[in-house]
Amino acid sequence: MATDWLGSIVSINCGESLGVYQGRVSAVDQVSQTISLTRPFHNGVKCLVPEVTFRAGDITELKILEIPGPGDSRQCGDLQQTEMGIPGVGCQVGPSQNGTGKVLKKPISSSAPQNIPRRTDMKNQDIIVSPQQQCSKSYMDRHVETLTQSKGFRRRHNSWSSSSRHPNQVTPKKSSLKNGQMKSKDDECFGDDIDEIPDTDFDFEGNLALFDKAAVFEEIETYERRSGTRSRGTPNEKPARYRHDENILESEPIVYRRIVVPQNANKEFCTDSGLVVPSVSYELHKKLLSVAEKHGLTLERRLEMTGVCASQMALSLLGGPNRLNPKNVHQRPTVALLCGPHVKGAQGISCGRHLSNHDVHVILFLPNFVKMLESITNELNLFSKTQGQQVSSVRDLPDTPVDLVINCLDCHENAFLRDQPWYKAVVDWANQNRAPVLSIDPPINEMEQGIDAKWSLALGLPLPLGERAGRVYLCDIGIPQKVFQEVGINYHSPFGCKFVIPLHST
């Protein structure tokens with residue numbers, strides 16, 4: 001019985017320690033319980049030794065890959081052996097001596113120990129086994145069935161004709177070999193028989209109509225309502241979407257009018273977030289500053305705060321970090337600062353000092369007066385310690401356009417200054433220089449402004465400025481909330497995280 005399996009190609013699994021061996025059976029010793037394989041492959045790699053021997057105790061699984069027929073020269077499968085790297089695969093043995101035989105489906109295996117069949121070879125490989133080799137039909141069928149299940153093959157059950165076919169013979173299919181060569185990889189992937197392609201197209205519309213989506217969602221909603229789980233909503237409902245700067249937590253409704261003045265405002269502005277900022281009259285604004293100064297917000301503090309906010313806005317208008325960095329020393333911006341002999345001029349001088357500290361070339365124009373205000377004298381003393389340039393004549397101002405003109409010539413009092421020759425000369429120079437103009441705390445009357453501004457900076461609360469003031473900005477000069485309440489203003493800060501915010505006309 002053992003000699004009947006000599007020449008068969010088998011696969012022996014020896015567990016994780018030894019691996020999987022494949023080869024042709026060369027000897028079977030029933031006494032010592034050993035089996036020898038010739039031309040062995042270990043885990044898909046050809047062994048260096050011509051023959052290996054295994055003990056029965058080392059074998060965990062044995063699979064028969066091919067059973068040779070009578071007259072087998074043991075050279076079958078050499079062609080596919082070269083192709084696939086395993087011995088004796090793909091051989092078809094001739095018929096038996098008495099002309100009868102049994103045709104069995106012959107499975108194919110890859111060179112690696114994984115049970116992955118070759119598509120073109122697993123369909124149509126046939127071998128003929130003679131009756132002499134059917135020493136035990138039940139034993140043979142059991143091994144073939146085990147091999148078929150392990151390799152994942154499907155056994156076809158065809159109808160048989162008693163007149164044209166033998167009861168034990170399976171009709172062979174076309175060989176997967178073409179001119180003695182393996183089909184190309186394209187044939188392996190796309191080489192299915194045309195007979196297997198269905199004639200009718202799949203009815204997508206008909207199958208989709210079988211699914212009642214509304215009923216399914218209704219059932220889910222009913223189940224979740226009964227179980228108390230959170231409802232997922234109906235298909236028509238859209239989930240709420242929030243931006244990165246929106247709060248997803250429920251909060252109180254936003255009140256956009258949080259600043260209320262005691263008298264009706266002539267003009268109202270709004271911030272970028274929609275908060276309403278009403279304008280105040282000059283008398284109320286002056287009273288607000290006076291009460292703040294009484295509580296400790298002195299003129300010096302207000303000048304410093306105004307200078308910081310105005311310089312910060314000017315630095316942004318000059319280009320910010322793109323313009324003011326160590327790599328652009330050759331592009332140092334130039335600012336012409338036009339100041340008058342009053343508190344508004346002192347605010348401009350404070351702004352020029354901060355700009356000069358930030359490496360901006362500042363040219364300060366201030367007319368000569370016999371007696372100056374103490375605030376102007378103190379600011380000039382600090383400005384002289386910077387690299388800024390101070391001039392008192394229009395002829396000393398640059399002839400070429402500058403990057404920015406800061407206008408602090410006008411004030412709410414002292415209207416007689418506009419009739420002075422130096423004032424008219426400076427206004428003509430600013431209008432001819434064609435540089436953008438930033439006005440700090442401009443007056444209300446448009447006729448009093450000799451220079452059209454592109455931007456205007458208001459302090460605390462805006463005045464009802466006209467169109468010649470340009471775009472209005474508001475800066476925080478540090479007035480406490482209770483100071484606003486003392487003058488009759490219900491105030492809530494609109495600045496948020498900034499000290500200078502833009503205002504839009506409503």
# chains A, B, ... in the order shown; residues from 1 in each chain; ligands from 1
$ select_by_dssp --residues "region 288-384 of chain A" --states "strand (DSSP E)" --output "list in words"
Thr334, Val335, Ala336, Leu337, Leu338, Cys339, His361, Val362, Ile363, Leu364 and Phe365 of chain A
$ write_last_selection --atoms "all heavy atoms" --output "PDB file, in the first residue's frame"
ATOM      1  N   THR A 334       8.702 106.635   6.145  1.00  0.00           N
ATOM      2  CA  THR A 334       8.802 108.038   6.541  1.00  0.00           C
ATOM      3  C   THR A 334       7.408 108.570   6.851  1.00  0.00           C
ATOM      4  O   THR A 334       6.483 108.391   6.058  1.00  0.00           O
ATOM      5  CB  THR A 334       9.449 108.894   5.436  1.00  0.00           C
ATOM      6  OG1 THR A 334      10.742 108.373   5.136  1.00  0.00           O
ATOM      7  CG2 THR A 334       9.568 110.342   5.870  1.00  0.00           C
ATOM      8  N   VAL A 335       7.270 109.228   7.993  1.00  0.00           N
ATOM      9  CA  VAL A 335       5.999 109.783   8.443  1.00  0.00           C
ATOM     10  C   VAL A 335       6.189 111.267   8.710  1.00  0.00           C
ATOM     11  O   VAL A 335       7.132 111.664   9.421  1.00  0.00           O
ATOM     12  CB  VAL A 335       5.492 109.070   9.715  1.00  0.00           C
ATOM     13  CG1 VAL A 335       4.233 109.748  10.245  1.00  0.00           C
ATOM     14  CG2 VAL A 335       5.205 107.605   9.421  1.00  0.00           C
ATOM     15  N   ALA A 336       5.287 112.069   8.137  1.00  0.00           N
ATOM     16  CA  ALA A 336       5.272 113.509   8.409  1.00  0.00           C
ATOM     17  C   ALA A 336       4.195 113.778   9.453  1.00  0.00           C
ATOM     18  O   ALA A 336       3.018 113.479   9.240  1.00  0.00           O
ATOM     19  CB  ALA A 336       4.995 114.298   7.136  1.00  0.00           C
ATOM     20  N   LEU A 337       4.584 114.338  10.582  1.00  0.00           N
ATOM     21  CA  LEU A 337       3.695 114.578  11.711  1.00  0.00           C
ATOM     22  C   LEU A 337       3.449 116.082  11.807  1.00  0.00           C
ATOM     23  O   LEU A 337       4.373 116.861  12.098  1.00  0.00           O
ATOM     24  CB  LEU A 337       4.335 114.039  12.983  1.00  0.00           C
ATOM     25  CG  LEU A 337       3.488 114.020  14.253  1.00  0.00           C
ATOM     26  CD1 LEU A 337       2.247 113.157  14.066  1.00  0.00           C
ATOM     27  CD2 LEU A 337       4.313 113.487  15.411  1.00  0.00           C
ATOM     28  N   LEU A 338       2.211 116.516  11.563  1.00  0.00           N
ATOM     29  CA  LEU A 338       1.850 117.936  11.550  1.00  0.00           C
ATOM     30  C   LEU A 338       1.089 118.236  12.828  1.00  0.00           C
ATOM     31  O   LEU A 338      -0.021 117.726  13.042  1.00  0.00           O
ATOM     32  CB  LEU A 338       0.993 118.255  10.335  1.00  0.00           C
ATOM     33  CG  LEU A 338       1.538 117.773   8.974  1.00  0.00           C
ATOM     34  CD1 LEU A 338       0.585 118.132   7.853  1.00  0.00           C
ATOM     35  CD2 LEU A 338       2.930 118.329   8.708  1.00  0.00           C
ATOM     36  N   CYS A 339       1.680 119.041  13.718  1.00  0.00           N
ATOM     37  CA  CYS A 339       1.095 119.317  15.026  1.00  0.00           C
ATOM     38  C   CYS A 339       0.915 120.817  15.216  1.00  0.00           C
ATOM     39  O   CYS A 339       1.706 121.639  14.728  1.00  0.00           O
ATOM     40  CB  CYS A 339       1.989 118.784  16.157  1.00  0.00           C
ATOM     41  SG  CYS A 339       2.221 116.998  16.089  1.00  0.00           S
ATOM     42  N   HIS A 361      11.115 106.711  10.421  1.00  0.00           N
ATOM     43  CA  HIS A 361      11.683 108.055  10.237  1.00  0.00           C
ATOM     44  C   HIS A 361      10.553 109.068  10.378  1.00  0.00           C
ATOM     45  O   HIS A 361       9.665 109.153   9.519  1.00  0.00           O
ATOM     46  CB  HIS A 361      12.345 108.171   8.867  1.00  0.00           C
ATOM     47  CG  HIS A 361      13.018 109.491   8.647  1.00  0.00           C
ATOM     48  ND1 HIS A 361      13.178 110.063   7.408  1.00  0.00           N
ATOM     49  CD2 HIS A 361      13.573 110.363   9.535  1.00  0.00           C
ATOM     50  CE1 HIS A 361      13.782 111.215   7.526  1.00  0.00           C
ATOM     51  NE2 HIS A 361      14.043 111.416   8.811  1.00  0.00           N
ATOM     52  N   VAL A 362      10.567 109.845  11.450  1.00  0.00           N
ATOM     53  CA  VAL A 362       9.511 110.788  11.776  1.00  0.00           C
ATOM     54  C   VAL A 362      10.031 112.207  11.572  1.00  0.00           C
ATOM     55  O   VAL A 362      11.103 112.571  12.092  1.00  0.00           O
ATOM     56  CB  VAL A 362       9.022 110.596  13.223  1.00  0.00           C
ATOM     57  CG1 VAL A 362       7.917 111.603  13.540  1.00  0.00           C
ATOM     58  CG2 VAL A 362       8.522 109.170  13.429  1.00  0.00           C
ATOM     59  N   ILE A 363       9.247 112.998  10.829  1.00  0.00           N
ATOM     60  CA  ILE A 363       9.535 114.427  10.636  1.00  0.00           C
ATOM     61  C   ILE A 363       8.407 115.198  11.317  1.00  0.00           C
ATOM     62  O   ILE A 363       7.263 115.167  10.859  1.00  0.00           O
ATOM     63  CB  ILE A 363       9.638 114.788   9.149  1.00  0.00           C
ATOM     64  CG1 ILE A 363      10.739 113.950   8.486  1.00  0.00           C
ATOM     65  CG2 ILE A 363       9.919 116.271   8.967  1.00  0.00           C
ATOM     66  CD1 ILE A 363      10.842 114.161   6.985  1.00  0.00           C
ATOM     67  N   LEU A 364       8.706 115.849  12.409  1.00  0.00           N
ATOM     68  CA  LEU A 364       7.707 116.569  13.203  1.00  0.00           C
ATOM     69  C   LEU A 364       7.719 118.046  12.825  1.00  0.00           C
ATOM     70  O   LEU A 364       8.752 118.721  12.913  1.00  0.00           O
ATOM     71  CB  LEU A 364       8.013 116.395  14.692  1.00  0.00           C
ATOM     72  CG  LEU A 364       7.211 117.265  15.658  1.00  0.00           C
ATOM     73  CD1 LEU A 364       5.724 116.944  15.564  1.00  0.00           C
ATOM     74  CD2 LEU A 364       7.718 117.095  17.085  1.00  0.00           C
ATOM     75  N   PHE A 365       6.520 118.508  12.411  1.00  0.00           N
ATOM     76  CA  PHE A 365       6.361 119.939  12.141  1.00  0.00           C
ATOM     77  C   PHE A 365       5.591 120.556  13.303  1.00  0.00           C
ATOM     78  O   PHE A 365       4.495 120.119  13.647  1.00  0.00           O
ATOM     79  CB  PHE A 365       5.594 120.168  10.837  1.00  0.00           C
ATOM     80  CG  PHE A 365       5.216 121.608  10.632  1.00  0.00           C
ATOM     81  CD1 PHE A 365       6.131 122.506  10.092  1.00  0.00           C
ATOM     82  CD2 PHE A 365       3.960 122.079  11.001  1.00  0.00           C
ATOM     83  CE1 PHE A 365       5.791 123.840   9.915  1.00  0.00           C
ATOM     84  CE2 PHE A 365       3.615 123.411  10.825  1.00  0.00           C
ATOM     85  CZ  PHE A 365       4.531 124.289  10.287  1.00  0.00           C
TER      86      PHE A 365
END
$ atom_distance --atom1 "CA of Gly466 (chain A)" --atom2 "CA of Asp410 (chain A)"
15.0 Å
$ closest_residue --among "A:Leu315, A:Ala425, A:Cys309, A:Val52" --to "Leu457 (chain A)" --atoms "only C-alpha atoms"
A:Cys309
$ select_by_dssp --residues "region 220-464 of chain A" --states "helix (DSSP H, G or I)" --output "VMD selection string"
chain A and resid 220 to 227 282 to 294 299 to 317 320 to 322 326 to 331 343 to 357 374 to 383 394 to 396 415 to 419 421 to 433 446 to 448
$ atom_distance --atom1 "CA of Thr60 (chain A)" --atom2 "CA of Asn13 (chain A)"
5.7 Å
$ closest_residue --among "A:Ser350, A:Arg301, A:Ala56, A:His358" --to "Leu324 (chain A)" --atoms "only C-alpha atoms"
A:His358
$ atom_distance --atom1 "CA of Tyr491 (chain A)" --atom2 "CA of Cys411 (chain A)"
26.0 Å
$ residues_around --residues "His42 (chain A)" --least-positions-apart "3" --cutoff "10 Å" --atoms "only C-alpha atoms" --output "PyMOL selection string"
chain A and resi 11-12+18-23+45-48+111-113
$ closest_residue --among "A:Pro401, A:Ala27, A:Asn414, A:Pro278" --to "Asn431 (chain A)" --atoms "only C-alpha atoms"
A:Pro401
$ residues_around --residues "Met372 (chain A)" --least-positions-apart "4" --cutoff "7 Å" --atoms "only C-alpha atoms" --output "PyMOL selection string"
chain A and resi 341+376-377
$ closest_residue --among "A:Ile444, A:Ala314, A:Lys454, A:Gly340" --to "Tyr423 (chain A)" --atoms "only C-alpha atoms"
A:Gly340
